[in-house]
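The file protein19.pdb contains PDB, C-alpha atoms:
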ATOM      1  CA  GLN A   1       0.000   0.000   0.000
ATOM      2  CA  MET A   2       1.479   3.292  -1.049
ATOM      3  CA  GLN A   3       1.850   6.008   1.570
ATOM      4  CA  LEU A   4       2.113   9.721   0.919
ATOM      5  CA  VAL A   5       3.631  12.109   3.448
ATOM      6  CA  GLU A   6       3.288  15.870   3.104
ATOM      7  CA  SER A   7       5.586  18.479   4.592
ATOM      8  CA  GLY A   8       6.332  22.161   4.226
ATOM      9  CA  GLY A   9       3.207  23.713   5.657
ATOM     10  CA  GLY A  10       3.359  26.592   8.086
ATOM     11  CA  SER A  11       2.319  30.140   8.810
ATOM     12  CA  VAL A  12       3.175  33.062   6.551
ATOM     13  CA  GLN A  13       2.026  36.600   6.016
ATOM     14  CA  SER A  14      -0.031  37.674   3.048
ATOM     15  CA  GLY A  15       2.164  37.905  -0.032
ATOM     16  CA  GLY A  16       4.538  35.258   1.229
ATOM     17  CA  SER A  17       5.503  31.895  -0.250
ATOM     18  CA  LEU A  18       5.608  28.258   0.811
ATOM     19  CA  ARG A  19       6.707  25.051  -0.859
ATOM     20  CA  LEU A  20       4.851  21.880  -0.013
ATOM     21  CA  SER A  21       6.394  18.469  -0.586
ATOM     22  CA  CYS A  22       4.781  15.046  -0.825
ATOM     23  CA  ALA A  23       6.985  11.977  -0.603
ATOM     24  CA  ALA A  24       5.719   8.603  -1.808
ATOM     25  CA  SER A  25       6.674   5.279  -0.304
ATOM     26  CA  GLU A  26       6.316   3.509  -3.627
ATOM     27  CA  TYR A  27       7.539   4.273  -7.106
ATOM     28  CA  GLY A  28       6.085   3.477 -10.437
ATOM     29  CA  ASN A  29       2.751   3.806 -12.084
ATOM     30  CA  LEU A  30       0.912   3.997  -8.790
ATOM     31  CA  ARG A  31       1.758   7.667  -8.753
ATOM     32  CA  ASP A  32       1.813   8.584 -12.413
ATOM     33  CA  CYS A  33      -0.891  11.172 -11.838
ATOM     34  CA  MET A  34      -0.707  13.471  -8.839
ATOM     35  CA  GLY A  35      -2.670  16.284  -7.330
ATOM     36  CA  TRP A  36      -2.940  18.753  -4.479
ATOM     37  CA  PHE A  37      -6.195  19.488  -2.711
ATOM     38  CA  ARG A  38      -7.146  21.765   0.165
ATOM     39  CA  GLN A  39      -9.907  22.066   2.702
ATOM     40  CA  ALA A  40     -10.652  25.187   4.689
ATOM     41  CA  PRO A  41     -12.750  25.055   7.883
ATOM     42  CA  GLY A  42     -16.420  24.746   7.053
ATOM     43  CA  LYS A  43     -15.759  24.225   3.364
ATOM     44  CA  GLU A  44     -15.574  21.233   1.055
ATOM     45  CA  ARG A  45     -12.255  19.869  -0.139
ATOM     46  CA  GLU A  46     -11.286  21.380  -3.478
ATOM     47  CA  GLY A  47      -8.746  20.555  -6.139
ATOM     48  CA  VAL A  48      -5.888  23.034  -6.388
ATOM     49  CA  ALA A  49      -3.390  21.627  -8.882
ATOM     50  CA  ALA A  50      -2.726  18.373 -10.700
ATOM     51  CA  ILE A  51      -0.132  16.897 -13.033
ATOM     52  CA  ASP A  52      -0.023  13.776 -15.177
ATOM     53  CA  ILE A  53       2.812  11.537 -16.314
ATOM     54  CA  GLY A  54       3.298  13.629 -19.435
ATOM     55  CA  GLY A  55       3.820  16.784 -17.405
ATOM     56  CA  ASN A  56       0.441  18.240 -18.309
ATOM     57  CA  THR A  57      -0.838  20.446 -15.517
ATOM     58  CA  ASN A  58      -4.214  21.716 -14.407
ATOM     59  CA  TYR A  59      -4.946  24.451 -11.871
ATOM     60  CA  ALA A  60      -7.956  25.837 -10.108
ATOM     61  CA  ASP A  61      -8.760  29.343 -11.311
ATOM     62  CA  SER A  62      -8.145  30.729  -7.831
ATOM     63  CA  VAL A  63      -4.459  29.719  -7.890
ATOM     64  CA  LYS A  64      -3.486  30.109 -11.546
ATOM     65  CA  GLY A  65      -0.363  32.180 -11.915
ATOM     66  CA  ARG A  66       0.504  31.793  -8.219
ATOM     67  CA  PHE A  67       0.886  28.035  -7.625
ATOM     68  CA  THR A  68       3.088  25.572  -9.515
ATOM     69  CA  ILE A  69       2.909  21.786  -9.277
ATOM     70  CA  SER A  70       5.908  19.654 -10.159
ATOM     71  CA  HIS A  71       7.365  16.242  -9.442
ATOM     72  CA  ASP A  72      10.757  14.606  -9.168
ATOM     73  CA  ASN A  73      10.504  10.906  -9.934
ATOM     74  CA  ALA A  74      14.061  10.238  -8.775
ATOM     75  CA  LYS A  75      13.099  11.490  -5.324
ATOM     76  CA  LYS A  76       9.574  10.028  -5.504
ATOM     77  CA  THR A  77       8.336  13.453  -4.485
ATOM     78  CA  GLN A  78       5.816  15.951  -5.783
ATOM     79  CA  TYR A  79       5.831  19.639  -4.922
ATOM     80  CA  LEU A  80       3.468  22.585  -4.758
ATOM     81  CA  GLU A  81       5.160  25.949  -4.958
ATOM     82  CA  MET A  82       2.814  28.629  -3.623
ATOM     83  CA  ASN A  83       3.539  32.314  -4.162
ATOM     84  CA  ASN A  84       1.700  35.527  -3.368
ATOM     85  CA  LEU A  85      -0.354  33.769  -0.724
ATOM     86  CA  THR A  86      -3.511  35.372   0.634
ATOM     87  CA  PRO A  87      -5.633  34.597   3.725
ATOM     88  CA  GLU A  88      -8.078  32.835   1.376
ATOM     89  CA  ASP A  89      -5.375  30.194   0.807
ATOM     90  CA  THR A  90      -5.520  29.168   4.475
ATOM     91  CA  ALA A  91      -6.459  25.476   4.598
ATOM     92  CA  MET A  92      -5.277  21.948   5.217
ATOM     93  CA  TYR A  93      -3.457  20.835   2.085
ATOM     94  CA  TYR A  94      -3.470  17.220   0.942
ATOM     95  CA  CYS A  95      -1.502  15.471  -1.770
ATOM     96  CA  ALA A  96      -3.009  12.638  -3.772
ATOM     97  CA  ALA A  97      -1.779  10.131  -6.333
ATOM     98  CA  ASP A  98      -3.007   7.272  -8.485
ATOM     99  CA  HIS A  99      -2.633   5.493 -11.810
ATOM    100  CA  CYS A 100      -3.275   7.814 -14.712
ATOM    101  CA  TYR A 101      -5.643   5.248 -16.185
ATOM    102  CA  HIS A 102      -7.702   5.700 -13.014
ATOM    103  CA  THR A 103      -7.674   9.497 -12.825
ATOM    104  CA  GLY A 104      -7.585  10.307 -16.512
ATOM    105  CA  TYR A 105      -4.882  12.323 -18.225
ATOM    106  CA  GLY A 106      -4.416  16.076 -18.193
ATOM    107  CA  GLY A 107      -4.440  16.463 -14.420
ATOM    108  CA  SER A 108      -7.643  15.678 -12.558
ATOM    109  CA  LEU A 109      -8.924  18.061  -9.881
ATOM    110  CA  ARG A 110     -11.656  15.637  -8.776
ATOM    111  CA  GLN A 111     -10.866  14.100  -5.413
ATOM    112  CA  THR A 112     -12.892  10.996  -6.240
ATOM    113  CA  ASP A 113     -10.369  10.166  -8.973
ATOM    114  CA  TYR A 114      -7.598   9.531  -6.429
ATOM    115  CA  ARG A 115      -7.297   6.541  -4.100
ATOM    116  CA  TYR A 116      -4.041   7.410  -2.327
ATOM    117  CA  TRP A 117      -3.868  10.375   0.027
ATOM    118  CA  GLY A 118      -1.476  11.997   2.451
ATOM    119  CA  GLN A 119      -2.419  13.036   5.970
ATOM    120  CA  GLY A 120      -2.387  16.758   5.222
ATOM    121  CA  THR A 121      -0.268  19.755   6.135
ATOM    122  CA  GLN A 122      -1.650  23.035   7.457
ATOM    123  CA  VAL A 123      -1.087  26.319   5.654
ATOM    124  CA  THR A 124      -2.071  29.510   7.462
ATOM    125  CA  VAL A 125      -1.807  32.922   5.830
ATOM    126  CA  SER A 126      -2.273  36.022   7.950
ATOM    127  CA  SER A 127      -3.154  39.470   6.655
TER     128      SER A 127
END

Translate this file's structure into structure tokens.
Amino acid sequence: QMQLVESGGGSVQSGGSLRLSCAASEYGNLRDCMGWFRQAPGKEREGVAAIDIGGNTNYADSVKGRFTISHDNAKKTQYLEMNNLTPEDTAMYYCAADHCYHTGYGGSLRQTDYRYWGQGTQVTVSS
């Protein structure tokens, strides 16, 4: 069973930056497609960014131009670079992964497309 472990969360001021990491315990096609999701208190979990094995990316409109998803297969790690953060970005952030044949290609932002999840890392942005 693959395990995903996030790190890099923390507290920053508005306009600041953070880089989240997600390390996978397994390598191979189990994590060909990857995504980042977030859930703020009282809100539903939403897709933030996703990437497929071909490097195609997909972003939520709210983070386009500010967030960048990437992965390093040699390190079995995916990343979410977050810039120009605002208080509206405050949430628990989760990484997810699965076979691309399960999620579809192009980068899925639907949480139901992913079977493997990390435990989450908190991001808090103060004004």

- Task: Please provide the set of residues having any atom within 7 Å of range 66-76 of chain A, restricted to only C-alpha atoms, with same-chain residues fewer than 6 positions apart removed, written as a list in words.
- Result: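 Neighbouring residues, sequence-local ones excluded: Ala23, Ala24, Tyr27, Ala49, Ala50, Ile51, Met82, Asn83 and Asn84 of chain A.
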
- Among A:Pro87, A:Gly104, A:Gly118, A:Gly47, Val12 in chain A is approached most closely, using all atoms listed in the file, by A:Pro87

- Item | Pick from A:Gly9, A:Gly35, A:Gly120, A:Gly16, whichever lies nearest to Tyr59 in chain A using only C-alpha atoms |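 Under the stated criterion, the closest residue is A:Gly35.
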
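Omitting Thr86 in chain A and its sequence neighbours fewer than 5 positions away, and counting only C-alpha atoms, the residues within 10 Å are A:Val12, A:Gln13, A:Ser14, A:Gly15, A:Gly16, A:Ser17, A:Thr124, A:Val125, A:Ser126, A:Ser127.
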
Selected residues written out, C-alpha atoms, as a compact mmCIF listing (two decimals), keeping the file's coordinate frame:
# COMPACT_ATOMS: atom_id res chain seq x y z
CA VAL A 12 3.18 33.06 6.55
CA GLN A 13 2.03 36.60 6.02
CA SER A 14 -0.03 37.67 3.05
CA GLY A 15 2.16 37.90 -0.03
CA GLY A 16 4.54 35.26 1.23
CA SER A 17 5.50 31.90 -0.25
CA THR A 124 -2.07 29.51 7.46
CA VAL A 125 -1.81 32.92 5.83
CA SER A 126 -2.27 36.02 7.95
CA SER A 127 -3.15 39.47 6.66

- Task: Starting from the shown file, work through the PyMOL selection byres ((chain A and resi 5) around 10) and note down what comes out as a ChimeraX atom specification.
- Result: /A:3-4,6-7,21-25,77,94-96,117-121

- Message: Taking all atoms listed in the file into account, name the residue in A:Val123, A:Leu80, A:Leu109, A:Met34 that is nearest to Ala60 in chain A.
- Response: A:Leu109

Can you give me all heavy atoms for range 54-65 of chain A, written as a PDB file, in the coordinates of the input?
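Output saved as rebuild-v9.pdb:
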ATOM      1  N   GLY A  54       2.715  12.892 -18.327  1.00  0.00           N
ATOM      2  CA  GLY A  54       3.298  13.629 -19.435  1.00  0.00           C
ATOM      3  C   GLY A  54       3.706  15.037 -19.078  1.00  0.00           C
ATOM      4  O   GLY A  54       4.208  15.775 -19.929  1.00  0.00           O
ATOM      5  N   GLY A  55       3.473  15.425 -17.823  1.00  0.00           N
ATOM      6  CA  GLY A  55       3.820  16.784 -17.405  1.00  0.00           C
ATOM      7  C   GLY A  55       2.716  17.800 -17.641  1.00  0.00           C
ATOM      8  O   GLY A  55       2.912  18.997 -17.404  1.00  0.00           O
ATOM      9  N   ASN A  56       1.561  17.328 -18.115  1.00  0.00           N
ATOM     10  CA  ASN A  56       0.441  18.240 -18.309  1.00  0.00           C
ATOM     11  C   ASN A  56      -0.115  18.649 -16.950  1.00  0.00           C
ATOM     12  O   ASN A  56      -0.297  17.812 -16.073  1.00  0.00           O
ATOM     13  CB  ASN A  56      -0.652  17.561 -19.125  1.00  0.00           C
ATOM     14  CG  ASN A  56      -0.163  17.164 -20.503  1.00  0.00           C
ATOM     15  OD1 ASN A  56       0.257  18.000 -21.289  1.00  0.00           O
ATOM     16  ND2 ASN A  56      -0.182  15.871 -20.792  1.00  0.00           N
ATOM     17  N   THR A  57      -0.381  19.929 -16.799  1.00  0.00           N
ATOM     18  CA  THR A  57      -0.838  20.446 -15.517  1.00  0.00           C
ATOM     19  C   THR A  57      -2.226  21.067 -15.629  1.00  0.00           C
ATOM     20  O   THR A  57      -2.674  21.453 -16.704  1.00  0.00           O
ATOM     21  CB  THR A  57       0.142  21.503 -14.974  1.00  0.00           C
ATOM     22  OG1 THR A  57       0.286  22.556 -15.943  1.00  0.00           O
ATOM     23  CG2 THR A  57       1.497  20.893 -14.689  1.00  0.00           C
ATOM     24  N   ASN A  58      -2.884  21.140 -14.486  1.00  0.00           N
ATOM     25  CA  ASN A  58      -4.214  21.716 -14.407  1.00  0.00           C
ATOM     26  C   ASN A  58      -4.315  22.440 -13.076  1.00  0.00           C
ATOM     27  O   ASN A  58      -3.877  21.898 -12.051  1.00  0.00           O
ATOM     28  CB  ASN A  58      -5.271  20.604 -14.513  1.00  0.00           C
ATOM     29  CG  ASN A  58      -6.665  21.146 -14.688  1.00  0.00           C
ATOM     30  OD1 ASN A  58      -6.868  22.283 -15.071  1.00  0.00           O
ATOM     31  ND2 ASN A  58      -7.662  20.306 -14.420  1.00  0.00           N
ATOM     32  N   TYR A  59      -4.864  23.651 -13.087  1.00  0.00           N
ATOM     33  CA  TYR A  59      -4.946  24.451 -11.871  1.00  0.00           C
ATOM     34  C   TYR A  59      -6.355  24.991 -11.668  1.00  0.00           C
ATOM     35  O   TYR A  59      -7.062  25.310 -12.633  1.00  0.00           O
ATOM     36  CB  TYR A  59      -3.974  25.640 -11.937  1.00  0.00           C
ATOM     37  CG  TYR A  59      -2.524  25.257 -11.983  1.00  0.00           C
ATOM     38  CD1 TYR A  59      -1.862  25.116 -13.203  1.00  0.00           C
ATOM     39  CD2 TYR A  59      -1.804  25.037 -10.819  1.00  0.00           C
ATOM     40  CE1 TYR A  59      -0.523  24.763 -13.253  1.00  0.00           C
ATOM     41  CE2 TYR A  59      -0.460  24.684 -10.854  1.00  0.00           C
ATOM     42  CZ  TYR A  59       0.167  24.551 -12.076  1.00  0.00           C
ATOM     43  OH  TYR A  59       1.494  24.203 -12.123  1.00  0.00           O
ATOM     44  N   ALA A  60      -6.724  25.128 -10.428  1.00  0.00           N
ATOM     45  CA  ALA A  60      -7.956  25.837 -10.108  1.00  0.00           C
ATOM     46  C   ALA A  60      -7.771  27.305 -10.471  1.00  0.00           C
ATOM     47  O   ALA A  60      -6.664  27.856 -10.361  1.00  0.00           O
ATOM     48  CB  ALA A  60      -8.273  25.692  -8.619  1.00  0.00           C
ATOM     49  N   ASP A  61      -8.848  27.935 -10.896  1.00  0.00           N
ATOM     50  CA  ASP A  61      -8.760  29.343 -11.311  1.00  0.00           C
ATOM     51  C   ASP A  61      -8.212  30.225 -10.197  1.00  0.00           C
ATOM     52  O   ASP A  61      -7.493  31.200 -10.457  1.00  0.00           O
ATOM     53  CB  ASP A  61     -10.136  29.850 -11.742  1.00  0.00           C
ATOM     54  CG  ASP A  61     -10.588  29.266 -13.072  1.00  0.00           C
ATOM     55  OD1 ASP A  61      -9.736  28.748 -13.820  1.00  0.00           O
ATOM     56  OD2 ASP A  61     -11.799  29.332 -13.354  1.00  0.00           O
ATOM     57  N   SER A  62      -8.533  29.888  -8.971  1.00  0.00           N
ATOM     58  CA  SER A  62      -8.145  30.729  -7.831  1.00  0.00           C
ATOM     59  C   SER A  62      -6.637  30.749  -7.581  1.00  0.00           C
ATOM     60  O   SER A  62      -6.143  31.629  -6.868  1.00  0.00           O
ATOM     61  CB  SER A  62      -8.869  30.254  -6.566  1.00  0.00           C
ATOM     62  OG  SER A  62      -8.541  28.910  -6.287  1.00  0.00           O
ATOM     63  N   VAL A  63      -5.897  29.785  -8.158  1.00  0.00           N
ATOM     64  CA  VAL A  63      -4.459  29.719  -7.890  1.00  0.00           C
ATOM     65  C   VAL A  63      -3.607  29.873  -9.149  1.00  0.00           C
ATOM     66  O   VAL A  63      -2.380  29.890  -9.062  1.00  0.00           O
ATOM     67  CB  VAL A  63      -4.079  28.405  -7.174  1.00  0.00           C
ATOM     68  CG1 VAL A  63      -4.913  28.221  -5.911  1.00  0.00           C
ATOM     69  CG2 VAL A  63      -4.212  27.200  -8.094  1.00  0.00           C
ATOM     70  N   LYS A  64      -4.243  29.978 -10.294  1.00  0.00           N
ATOM     71  CA  LYS A  64      -3.486  30.109 -11.546  1.00  0.00           C
ATOM     72  C   LYS A  64      -2.569  31.322 -11.492  1.00  0.00           C
ATOM     73  O   LYS A  64      -2.966  32.406 -11.080  1.00  0.00           O
ATOM     74  CB  LYS A  64      -4.447  30.237 -12.729  1.00  0.00           C
ATOM     75  CG  LYS A  64      -5.055  28.924 -13.173  1.00  0.00           C
ATOM     76  CD  LYS A  64      -5.986  29.116 -14.363  1.00  0.00           C
ATOM     77  CE  LYS A  64      -6.594  27.791 -14.794  1.00  0.00           C
ATOM     78  NZ  LYS A  64      -7.564  27.963 -15.910  1.00  0.00           N
ATOM     79  N   GLY A  65      -1.343  31.108 -11.919  1.00  0.00           N
ATOM     80  CA  GLY A  65      -0.363  32.180 -11.915  1.00  0.00           C
ATOM     81  C   GLY A  65       0.355  32.350 -10.590  1.00  0.00           C
ATOM     82  O   GLY A  65       1.343  33.097 -10.514  1.00  0.00           O
TER      83      GLY A  65
END
